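Data block for upload.pdb (PDB, C-alpha atoms):
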MODEL        1
ATOM      1  CA  MET A   1       0.000   0.000   0.000  1.00  0.00           C
ATOM      2  CA  LYS A   2       1.410   3.335  -1.051  1.00  0.00           C
ATOM      3  CA  ASN A   3       1.266   6.322   1.269  1.00  0.00           C
ATOM      4  CA  ARG A   4       2.241   9.977   1.550  1.00  0.00           C
ATOM      5  CA  LEU A   5       3.686   9.734   5.028  1.00  0.00           C
ATOM      6  CA  LYS A   6       7.207  10.745   4.056  1.00  0.00           C
ATOM      7  CA  VAL A   7       5.961  13.797   2.122  1.00  0.00           C
ATOM      8  CA  LEU A   8       3.617  14.868   4.906  1.00  0.00           C
ATOM      9  CA  ARG A   9       6.350  14.461   7.480  1.00  0.00           C
ATOM     10  CA  ALA A  10       8.816  16.432   5.365  1.00  0.00           C
ATOM     11  CA  GLU A  11       6.294  19.238   4.913  1.00  0.00           C
ATOM     12  CA  ARG A  12       6.190  19.638   8.679  1.00  0.00           C
ATOM     13  CA  ASP A  13       9.947  19.248   8.974  1.00  0.00           C
ATOM     14  CA  TRP A  14       9.541  16.350  11.383  1.00  0.00           C
ATOM     15  CA  THR A  15      12.087  13.618  11.859  1.00  0.00           C
ATOM     16  CA  GLN A  16      11.080   9.963  11.808  1.00  0.00           C
ATOM     17  CA  ALA A  17      11.923   9.815  15.496  1.00  0.00           C
ATOM     18  CA  ARG A  18       9.577  12.706  16.306  1.00  0.00           C
ATOM     19  CA  LEU A  19       6.738  11.180  14.282  1.00  0.00           C
ATOM     20  CA  ALA A  20       7.364   7.803  15.917  1.00  0.00           C
ATOM     21  CA  GLU A  21       7.163   9.399  19.347  1.00  0.00           C
ATOM     22  CA  ALA A  22       3.892  11.121  18.466  1.00  0.00           C
ATOM     23  CA  LEU A  23       2.446   7.839  17.206  1.00  0.00           C
ATOM     24  CA  GLU A  24       3.921   5.823  20.096  1.00  0.00           C
ATOM     25  CA  VAL A  25       5.689   3.397  17.751  1.00  0.00           C
ATOM     26  CA  SER A  26       9.338   2.721  16.981  1.00  0.00           C
ATOM     27  CA  ARG A  27      11.230   4.816  14.438  1.00  0.00           C
ATOM     28  CA  GLN A  28      11.748   1.651  12.413  1.00  0.00           C
ATOM     29  CA  THR A  29       7.990   1.204  12.158  1.00  0.00           C
ATOM     30  CA  VAL A  30       7.653   4.703  10.707  1.00  0.00           C
ATOM     31  CA  ASN A  31      10.503   3.962   8.302  1.00  0.00           C
ATOM     32  CA  ALA A  32       8.960   0.627   7.228  1.00  0.00           C
ATOM     33  CA  ILE A  33       5.591   2.322   6.600  1.00  0.00           C
ATOM     34  CA  GLU A  34       7.205   5.134   4.603  1.00  0.00           C
ATOM     35  CA  THR A  35       9.124   2.697   2.415  1.00  0.00           C
ATOM     36  CA  GLY A  36       6.015   0.591   1.841  1.00  0.00           C
ATOM     37  CA  LYS A  37       7.485  -2.495   3.510  1.00  0.00           C
ATOM     38  CA  PHE A  38       4.869  -2.534   6.240  1.00  0.00           C
ATOM     39  CA  ASP A  39       1.201  -1.564   6.268  1.00  0.00           C
ATOM     40  CA  PRO A  40      -0.045  -0.058   9.545  1.00  0.00           C
ATOM     41  CA  SER A  41      -3.012  -1.451  11.438  1.00  0.00           C
ATOM     42  CA  LEU A  42      -6.324   0.381  11.158  1.00  0.00           C
ATOM     43  CA  PRO A  43      -5.943   1.994  14.632  1.00  0.00           C
ATOM     44  CA  LEU A  44      -2.468   3.259  13.705  1.00  0.00           C
ATOM     45  CA  ALA A  45      -3.713   4.498  10.336  1.00  0.00           C
ATOM     46  CA  PHE A  46      -6.448   6.448  12.155  1.00  0.00           C
ATOM     47  CA  LYS A  47      -3.864   7.812  14.570  1.00  0.00           C
ATOM     48  CA  ILE A  48      -1.756   8.993  11.634  1.00  0.00           C
ATOM     49  CA  ALA A  49      -4.795  10.596  10.005  1.00  0.00           C
ATOM     50  CA  VAL A  50      -5.724  12.409  13.217  1.00  0.00           C
ATOM     51  CA  LEU A  51      -2.145  13.601  13.702  1.00  0.00           C
ATOM     52  CA  PHE A  52      -1.960  15.048  10.192  1.00  0.00           C
ATOM     53  CA  GLU A  53      -5.593  16.233  10.352  1.00  0.00           C
ATOM     54  CA  MET A  54      -6.419  14.423   7.124  1.00  0.00           C
ATOM     55  CA  ARG A  55      -8.624  11.565   5.994  1.00  0.00           C
ATOM     56  CA  ILE A  56      -7.050   8.113   5.862  1.00  0.00           C
ATOM     57  CA  GLU A  57      -7.680   7.813   2.121  1.00  0.00           C
ATOM     58  CA  ASP A  58      -5.804  11.077   1.570  1.00  0.00           C
ATOM     59  CA  ILE A  59      -2.718   9.539   3.161  1.00  0.00           C
ATOM     60  CA  PHE A  60      -2.932   5.896   2.130  1.00  0.00           C
ATOM     61  CA  ASP A  61      -3.504   4.583  -1.355  1.00  0.00           C
ATOM     62  CA  PRO A  62      -4.585   0.928  -1.537  1.00  0.00           C
ATOM     63  CA  ASP A  63      -3.033   0.558  -5.009  1.00  0.00           C
ATOM     64  CA  GLY A  64       0.403  -0.737  -4.136  1.00  0.00           C
ATOM     65  CA  SER A  65       2.139  -3.508  -2.286  1.00  0.00           C
ATOM     66  CA  GLY A  66       3.085  -4.022   1.350  1.00  0.00           C
ATOM     67  CA  ASP A  67       2.631  -6.455   4.257  1.00  0.00           C
TER      68      ASP A  67
ATOM     69  CA  MET B   1      31.605   0.936  18.288  1.00  0.00           C
ATOM     70  CA  THR B   2      29.719   2.646  15.466  1.00  0.00           C
ATOM     71  CA  GLU B   3      26.456   4.482  16.150  1.00  0.00           C
ATOM     72  CA  PRO B   4      24.145   1.951  14.395  1.00  0.00           C
ATOM     73  CA  ILE B   5      25.738  -0.909  16.341  1.00  0.00           C
ATOM     74  CA  LYS B   6      25.463   1.065  19.571  1.00  0.00           C
ATOM     75  CA  ARG B   7      21.780   1.733  18.887  1.00  0.00           C
ATOM     76  CA  ALA B   8      21.092  -1.906  18.044  1.00  0.00           C
ATOM     77  CA  TRP B   9      22.994  -3.001  21.150  1.00  0.00           C
ATOM     78  CA  LYS B  10      20.851  -0.710  23.268  1.00  0.00           C
ATOM     79  CA  GLY B  11      17.727  -2.225  21.710  1.00  0.00           C
ATOM     80  CA  HIS B  12      16.623   0.769  19.656  1.00  0.00           C
ATOM     81  CA  TRP B  13      15.909  -1.530  16.709  1.00  0.00           C
ATOM     82  CA  VAL B  14      12.142  -1.881  16.361  1.00  0.00           C
ATOM     83  CA  ALA B  15      11.500  -1.333  20.027  1.00  0.00           C
ATOM     84  CA  THR B  16       9.790   1.296  22.082  1.00  0.00           C
ATOM     85  CA  GLU B  17      10.692   1.923  25.712  1.00  0.00           C
ATOM     86  CA  ARG B  18       7.678  -0.212  26.714  1.00  0.00           C
ATOM     87  CA  ASP B  19       8.976  -3.067  24.503  1.00  0.00           C
ATOM     88  CA  ARG B  20      12.389  -2.893  26.130  1.00  0.00           C
ATOM     89  CA  LYS B  21      10.816  -2.985  29.603  1.00  0.00           C
ATOM     90  CA  ASN B  22       8.702  -6.000  28.657  1.00  0.00           C
ATOM     91  CA  GLN B  23      11.715  -7.717  27.061  1.00  0.00           C
ATOM     92  CA  ARG B  24      13.673  -7.240  30.283  1.00  0.00           C
ATOM     93  CA  LEU B  25      10.785  -8.855  32.197  1.00  0.00           C
ATOM     94  CA  ILE B  26      10.835 -11.826  29.801  1.00  0.00           C
ATOM     95  CA  VAL B  27      14.587 -12.265  30.330  1.00  0.00           C
ATOM     96  CA  ILE B  28      14.141 -12.114  34.119  1.00  0.00           C
ATOM     97  CA  TRP B  29      11.271 -14.629  34.091  1.00  0.00           C
ATOM     98  CA  THR B  30      13.129 -16.887  31.649  1.00  0.00           C
ATOM     99  CA  LEU B  31      16.175 -16.957  33.920  1.00  0.00           C
ATOM    100  CA  ALA B  32      13.870 -17.544  36.890  1.00  0.00           C
ATOM    101  CA  TRP B  33      12.523 -20.553  34.980  1.00  0.00           C
ATOM    102  CA  VAL B  34      15.712 -21.969  33.411  1.00  0.00           C
ATOM    103  CA  ILE B  35      17.768 -22.050  36.619  1.00  0.00           C
ATOM    104  CA  PRO B  36      15.202 -24.035  38.679  1.00  0.00           C
ATOM    105  CA  PHE B  37      14.621 -26.234  35.593  1.00  0.00           C
ATOM    106  CA  LEU B  38      18.325 -27.134  35.405  1.00  0.00           C
ATOM    107  CA  VAL B  39      18.425 -27.758  39.148  1.00  0.00           C
ATOM    108  CA  ALA B  40      15.285 -29.916  38.969  1.00  0.00           C
ATOM    109  CA  ASP B  41      16.714 -31.793  35.959  1.00  0.00           C
ATOM    110  CA  ALA B  42      19.892 -32.572  37.892  1.00  0.00           C
ATOM    111  CA  VAL B  43      17.959 -33.576  41.011  1.00  0.00           C
ATOM    112  CA  ILE B  44      15.670 -35.934  39.078  1.00  0.00           C
ATOM    113  CA  ASP B  45      18.401 -37.359  36.801  1.00  0.00           C
ATOM    114  CA  ASN B  46      20.689 -38.154  39.719  1.00  0.00           C
ATOM    115  CA  GLY B  47      17.879 -39.651  41.739  1.00  0.00           C
ATOM    116  CA  TRP B  48      18.546 -37.377  44.703  1.00  0.00           C
ATOM    117  CA  ILE B  49      14.837 -37.414  45.467  1.00  0.00           C
ATOM    118  CA  GLU B  50      13.027 -40.744  45.556  1.00  0.00           C
ATOM    119  CA  ASN B  51       9.756 -39.444  46.916  1.00  0.00           C
ATOM    120  CA  ASP B  52       7.229 -39.121  44.053  1.00  0.00           C
ATOM    121  CA  LEU B  53       5.313 -36.397  45.862  1.00  0.00           C
ATOM    122  CA  ALA B  54       8.456 -34.283  46.154  1.00  0.00           C
ATOM    123  CA  THR B  55       9.192 -34.833  42.473  1.00  0.00           C
ATOM    124  CA  TYR B  56       5.671 -33.721  41.549  1.00  0.00           C
ATOM    125  CA  ALA B  57       6.108 -30.651  43.753  1.00  0.00           C
ATOM    126  CA  ILE B  58       9.410 -29.686  42.108  1.00  0.00           C
ATOM    127  CA  VAL B  59       8.037 -30.197  38.599  1.00  0.00           C
ATOM    128  CA  SER B  60       4.917 -28.201  39.530  1.00  0.00           C
ATOM    129  CA  VAL B  61       6.982 -25.243  40.707  1.00  0.00           C
ATOM    130  CA  VAL B  62       9.092 -25.265  37.532  1.00  0.00           C
ATOM    131  CA  THR B  63       5.937 -25.547  35.411  1.00  0.00           C
ATOM    132  CA  LEU B  64       4.261 -22.631  37.215  1.00  0.00           C
ATOM    133  CA  ILE B  65       7.308 -20.431  36.644  1.00  0.00           C
ATOM    134  CA  GLY B  66       7.215 -21.523  32.975  1.00  0.00           C
ATOM    135  CA  VAL B  67       3.585 -20.388  32.780  1.00  0.00           C
ATOM    136  CA  ALA B  68       4.685 -17.017  34.172  1.00  0.00           C
ATOM    137  CA  VAL B  69       7.183 -16.786  31.282  1.00  0.00           C
ATOM    138  CA  LEU B  70       4.297 -17.399  28.865  1.00  0.00           C
ATOM    139  CA  PHE B  71       2.253 -14.633  30.483  1.00  0.00           C
ATOM    140  CA  ALA B  72       5.228 -12.260  30.277  1.00  0.00           C
ATOM    141  CA  PHE B  73       5.699 -13.084  26.587  1.00  0.00           C
ATOM    142  CA  GLY B  74       1.963 -12.689  25.945  1.00  0.00           C
ATOM    143  CA  ARG B  75       2.011  -9.279  27.602  1.00  0.00           C
ATOM    144  CA  PHE B  76       5.044  -8.304  25.506  1.00  0.00           C
ATOM    145  CA  LEU B  77       3.263  -9.340  22.293  1.00  0.00           C
ATOM    146  CA  ARG B  78       0.019  -7.542  23.189  1.00  0.00           C
ATOM    147  CA  GLN B  79       1.804  -4.300  24.027  1.00  0.00           C
ATOM    148  CA  ALA B  80       4.551  -4.542  21.402  1.00  0.00           C
ATOM    149  CA  ASP B  81       5.215  -2.022  18.689  1.00  0.00           C
ATOM    150  CA  GLU B  82       3.279  -3.074  15.559  1.00  0.00           C
ATOM    151  CA  LEU B  83       6.336  -3.937  13.497  1.00  0.00           C
ATOM    152  CA  MET B  84       7.934  -5.747  16.429  1.00  0.00           C
ATOM    153  CA  ARG B  85       4.734  -7.777  16.873  1.00  0.00           C
ATOM    154  CA  LYS B  86       4.705  -8.724  13.191  1.00  0.00           C
ATOM    155  CA  ILE B  87       8.356  -9.817  13.288  1.00  0.00           C
ATOM    156  CA  GLN B  88       7.732 -11.853  16.441  1.00  0.00           C
ATOM    157  CA  LEU B  89       4.526 -13.485  15.149  1.00  0.00           C
ATOM    158  CA  ASP B  90       6.173 -14.354  11.813  1.00  0.00           C
ATOM    159  CA  ALA B  91       9.096 -15.927  13.693  1.00  0.00           C
ATOM    160  CA  LEU B  92       6.722 -17.834  16.007  1.00  0.00           C
ATOM    161  CA  ALA B  93       4.679 -19.113  13.041  1.00  0.00           C
ATOM    162  CA  LEU B  94       7.876 -20.320  11.377  1.00  0.00           C
ATOM    163  CA  THR B  95       8.946 -21.954  14.643  1.00  0.00           C
ATOM    164  CA  VAL B  96       5.666 -23.825  15.070  1.00  0.00           C
ATOM    165  CA  GLY B  97       5.743 -24.948  11.431  1.00  0.00           C
ATOM    166  CA  VAL B  98       9.328 -26.165  11.595  1.00  0.00           C
ATOM    167  CA  GLY B  99       8.652 -27.808  14.966  1.00  0.00           C
ATOM    168  CA  ILE B 100       5.670 -29.764  13.643  1.00  0.00           C
ATOM    169  CA  VAL B 101       7.350 -30.804  10.380  1.00  0.00           C
ATOM    170  CA  ALA B 102      10.645 -31.708  12.073  1.00  0.00           C
ATOM    171  CA  GLY B 103       8.842 -33.552  14.862  1.00  0.00           C
ATOM    172  CA  PHE B 104       6.762 -35.689  12.511  1.00  0.00           C
ATOM    173  CA  SER B 105       9.690 -36.364  10.147  1.00  0.00           C
ATOM    174  CA  TYR B 106      11.885 -37.416  13.051  1.00  0.00           C
ATOM    175  CA  THR B 107       9.112 -39.672  14.322  1.00  0.00           C
ATOM    176  CA  LEU B 108       8.937 -41.379  10.906  1.00  0.00           C
ATOM    177  CA  LEU B 109      12.716 -41.879  10.822  1.00  0.00           C
ATOM    178  CA  ALA B 110      12.665 -43.177  14.394  1.00  0.00           C
ATOM    179  CA  GLY B 111       9.811 -45.553  13.481  1.00  0.00           C
ATOM    180  CA  ALA B 112      11.894 -46.860  10.591  1.00  0.00           C
ATOM    181  CA  GLY B 113      14.788 -47.393  12.943  1.00  0.00           C
ATOM    182  CA  LEU B 114      17.034 -45.020  10.989  1.00  0.00           C
ATOM    183  CA  VAL B 115      17.599 -42.682  13.942  1.00  0.00           C
ATOM    184  CA  ASP B 116      17.396 -43.024  17.698  1.00  0.00           C
ATOM    185  CA  GLN B 117      14.135 -42.163  19.412  1.00  0.00           C
ATOM    186  CA  ALA B 118      13.730 -38.393  19.304  1.00  0.00           C
ATOM    187  CA  GLU B 119      14.464 -36.518  22.480  1.00  0.00           C
ATOM    188  CA  ALA B 120      12.279 -33.572  23.441  1.00  0.00           C
ATOM    189  CA  MET B 121      15.378 -31.433  24.000  1.00  0.00           C
ATOM    190  CA  THR B 122      16.426 -31.902  20.348  1.00  0.00           C
ATOM    191  CA  LEU B 123      13.098 -30.506  19.179  1.00  0.00           C
ATOM    192  CA  VAL B 124      13.361 -27.631  21.668  1.00  0.00           C
ATOM    193  CA  MET B 125      16.820 -26.780  20.292  1.00  0.00           C
ATOM    194  CA  ILE B 126      15.579 -26.875  16.689  1.00  0.00           C
ATOM    195  CA  MET B 127      12.625 -24.631  17.570  1.00  0.00           C
ATOM    196  CA  THR B 128      14.800 -22.199  19.530  1.00  0.00           C
ATOM    197  CA  ILE B 129      17.279 -21.852  16.664  1.00  0.00           C
ATOM    198  CA  THR B 130      14.406 -21.444  14.170  1.00  0.00           C
ATOM    199  CA  TYR B 131      12.854 -18.698  16.319  1.00  0.00           C
ATOM    200  CA  VAL B 132      16.136 -16.775  16.561  1.00  0.00           C
ATOM    201  CA  VAL B 133      16.741 -17.116  12.803  1.00  0.00           C
ATOM    202  CA  GLY B 134      13.151 -15.999  12.157  1.00  0.00           C
ATOM    203  CA  VAL B 135      13.518 -12.894  14.308  1.00  0.00           C
ATOM    204  CA  ILE B 136      16.844 -11.946  12.691  1.00  0.00           C
ATOM    205  CA  ALA B 137      15.348 -12.495   9.220  1.00  0.00           C
ATOM    206  CA  GLY B 138      12.422 -10.257  10.174  1.00  0.00           C
ATOM    207  CA  TYR B 139      14.719  -7.511  11.417  1.00  0.00           C
ATOM    208  CA  ARG B 140      16.726  -7.679   8.193  1.00  0.00           C
ATOM    209  CA  ARG B 141      13.581  -7.674   6.080  1.00  0.00           C
ATOM    210  CA  TYR B 142      12.294  -4.422   7.547  1.00  0.00           C
ATOM    211  CA  ALA B 143      15.677  -2.726   7.974  1.00  0.00           C
TER     212      ALA B 143
ENDMDL
END

Could you quickly redo this structure as structure tokens?
Amino acid sequence: MKNRLKVLRAERDWTQARLAEALEVSRQTVNAIETGKFDPSLPLAFKIAVLFEMRIEDIFDPDGSGD
Amino acid sequence: MTEPIKRAWKGHWVATERDRKNQRLIVIWTLAWVIPFLVADAVIDNGWIENDLATYAIVSVVTLIGVAVLFAFGRFLRQADELMRKIQLDALALTVGVGIVAGFSYTLLAGAGLVDQAEAMTLVMIMTITYVVGVIAGYRRYA
């Protein structure tokens, strides 16, 4: 699953570590989501959407591959 | 020591502070289980206790501590970082699969008389190694 997490994070000038802290996950989890290696759970996807004040579908695109 | 190695050594790899705390608890409980297990194994093997009731009592204590290890691991999995949980569950699935396949294959070979009767400890070793390999493979996969 593709996503815009890296772009959104860059727009806010946040580091992966800062985003990870805000989401209460490890930095590696943020990195794996950004690189498309790992798809977040629905609760985490909602948490990301709330944090960026966007809809989930505006961040995540189901057309793509991931775990 | 380079920074990435230092970070990995300190457990920063796919782990939140809560994960590290829960991992420490698992290590403590595992040690609290392994040491009495080894003592009980020696006591039983050497026949130092001939009373069946005492043997049952010792085995019960070791088993109860083992159950505590399971609870600690369950708590770790429930509270783990999402990626950590996936890596752990993938490794556990691989371990169960390898354990079942290896166990049945060894039973067939033992039935055919090609190998000695399988010992439980052999299977435990195979499963432990598989779990460690599975976790390392997971870490590498998501690096």

Going by the chain IDs and residue numbers used in this file, which residues fall under the PyMOL selection byres ((chain B) within 10 of (chain A))? Write them as a ChimeraX atom specification. /B:12-19,80-84,86,139,141-143

Suppose you want the space between atom CA of A:Phe46 and atom CA of A:Leu5; what is it in Å?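 Computed distance, atom CA of A:Phe46 to atom CA of A:Leu5, equals 12.8 Å.
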
For B:Ile100, the closest of B:Asp116, B:Gln79, B:Met127, B:Ala137 counting only C-alpha atoms is B:Met127

To box stretch 26-42 of chain A, take all atoms listed in the file, fit an axis-aligned box, add 4 Å on each side, and give centre and edge lengths in Å to one decimal, as AutoDock Vina command-line options.
--center_x 2.7 --center_y 1.3 --center_z 9.4 --size_x 26.1 --size_y 15.7 --size_z 23.1

Work out how far atom CA of B:Thr95 is from atom CA of B:Phe76, in Å to one decimal.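 Rounded to one decimal, the two atoms are 17.9 Å apart.
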
Find the distance between atom CA of B:Gly99 and atom CA of B:Thr130 and write it in Å to one decimal. 8.6 Å

If you count only C-alpha atoms, which residues fall within 10 Å of A:Pro62, apart from same-chain ones fewer than 4 positions away, as number ranges by chain? A: 1-3, 57, 66

Rebuild stretch 36-70 of chain B to N, CA and C atoms - output it as a compact mmCIF listing (two decimals), in the coordinates of the input, please.
# COMPACT_ATOMS: atom_id res chain seq x y z
N PRO B 36 15.86 -22.94 37.94
CA PRO B 36 15.20 -24.04 38.68
C PRO B 36 15.01 -25.28 37.82
N PHE B 37 14.78 -25.08 36.49
CA PHE B 37 14.62 -26.23 35.59
C PHE B 37 15.90 -27.08 35.58
N LEU B 38 17.05 -26.40 35.45
CA LEU B 38 18.32 -27.13 35.40
C LEU B 38 18.58 -27.85 36.74
N VAL B 39 18.25 -27.15 37.82
CA VAL B 39 18.42 -27.76 39.15
C VAL B 39 17.51 -28.98 39.28
N ALA B 40 16.24 -28.80 38.89
CA ALA B 40 15.28 -29.92 38.97
C ALA B 40 15.73 -31.07 38.09
N ASP B 41 16.24 -30.76 36.89
CA ASP B 41 16.71 -31.79 35.96
C ASP B 41 17.83 -32.61 36.60
N ALA B 42 18.77 -31.89 37.23
CA ALA B 42 19.89 -32.57 37.89
C ALA B 42 19.40 -33.42 39.07
N VAL B 43 18.49 -32.86 39.84
CA VAL B 43 17.96 -33.58 41.01
C VAL B 43 17.26 -34.86 40.58
N ILE B 44 16.44 -34.76 39.54
CA ILE B 44 15.67 -35.93 39.08
C ILE B 44 16.59 -36.96 38.40
N ASP B 45 17.49 -36.45 37.53
CA ASP B 45 18.40 -37.36 36.80
C ASP B 45 19.30 -38.16 37.75
N ASN B 46 19.76 -37.49 38.79
CA ASN B 46 20.69 -38.15 39.72
C ASN B 46 19.97 -38.94 40.81
N GLY B 47 18.66 -38.88 40.77
CA GLY B 47 17.88 -39.65 41.74
C GLY B 47 18.08 -39.19 43.17
N TRP B 48 18.32 -37.90 43.35
CA TRP B 48 18.55 -37.38 44.70
C TRP B 48 17.24 -37.36 45.50
N ILE B 49 16.13 -37.36 44.78
CA ILE B 49 14.84 -37.41 45.47
C ILE B 49 14.10 -38.67 44.99
N GLU B 50 13.71 -39.50 45.93
CA GLU B 50 13.03 -40.74 45.56
C GLU B 50 11.53 -40.67 45.84
N ASN B 51 11.16 -39.62 46.56
CA ASN B 51 9.76 -39.44 46.92
C ASN B 51 9.00 -38.86 45.72
N ASP B 52 7.99 -39.58 45.22
CA ASP B 52 7.23 -39.12 44.05
C ASP B 52 6.54 -37.79 44.30
N LEU B 53 6.03 -37.63 45.53
CA LEU B 53 5.31 -36.40 45.86
C LEU B 53 6.25 -35.19 45.75
N ALA B 54 7.47 -35.37 46.23
CA ALA B 54 8.46 -34.28 46.15
C ALA B 54 8.80 -33.98 44.70
N THR B 55 8.90 -35.03 43.90
CA THR B 55 9.19 -34.83 42.47
C THR B 55 8.07 -34.05 41.80
N TYR B 56 6.82 -34.46 42.11
CA TYR B 56 5.67 -33.72 41.55
C TYR B 56 5.71 -32.25 41.98
N ALA B 57 6.07 -32.02 43.23
CA ALA B 57 6.11 -30.65 43.75
C ALA B 57 7.15 -29.83 43.00
N ILE B 58 8.33 -30.41 42.81
CA ILE B 58 9.41 -29.69 42.11
C ILE B 58 8.99 -29.38 40.67
N VAL B 59 8.46 -30.39 40.00
CA VAL B 59 8.04 -30.20 38.60
C VAL B 59 6.90 -29.16 38.53
N SER B 60 6.02 -29.17 39.51
CA SER B 60 4.92 -28.20 39.53
C SER B 60 5.43 -26.78 39.65
N VAL B 61 6.41 -26.58 40.52
CA VAL B 61 6.98 -25.24 40.71
C VAL B 61 7.63 -24.76 39.42
N VAL B 62 8.42 -25.63 38.79
CA VAL B 62 9.09 -25.26 37.53
C VAL B 62 8.04 -24.95 36.46
N THR B 63 7.00 -25.76 36.41
CA THR B 63 5.94 -25.55 35.41
C THR B 63 5.23 -24.21 35.65
N LEU B 64 4.94 -23.90 36.90
CA LEU B 64 4.26 -22.63 37.22
C LEU B 64 5.12 -21.43 36.81
N ILE B 65 6.42 -21.53 37.05
CA ILE B 65 7.31 -20.43 36.64
C ILE B 65 7.32 -20.34 35.12
N GLY B 66 7.28 -21.50 34.44
CA GLY B 66 7.22 -21.52 32.98
C GLY B 66 5.96 -20.84 32.47
N VAL B 67 4.84 -21.04 33.16
CA VAL B 67 3.58 -20.39 32.78
C VAL B 67 3.73 -18.87 32.94
N ALA B 68 4.45 -18.45 33.97
CA ALA B 68 4.68 -17.02 34.17
C ALA B 68 5.48 -16.43 33.00
N VAL B 69 6.42 -17.23 32.46
CA VAL B 69 7.18 -16.79 31.28
C VAL B 69 6.22 -16.58 30.11
N LEU B 70 5.28 -17.52 29.95
CA LEU B 70 4.30 -17.40 28.86
C LEU B 70 3.46 -16.13 29.01
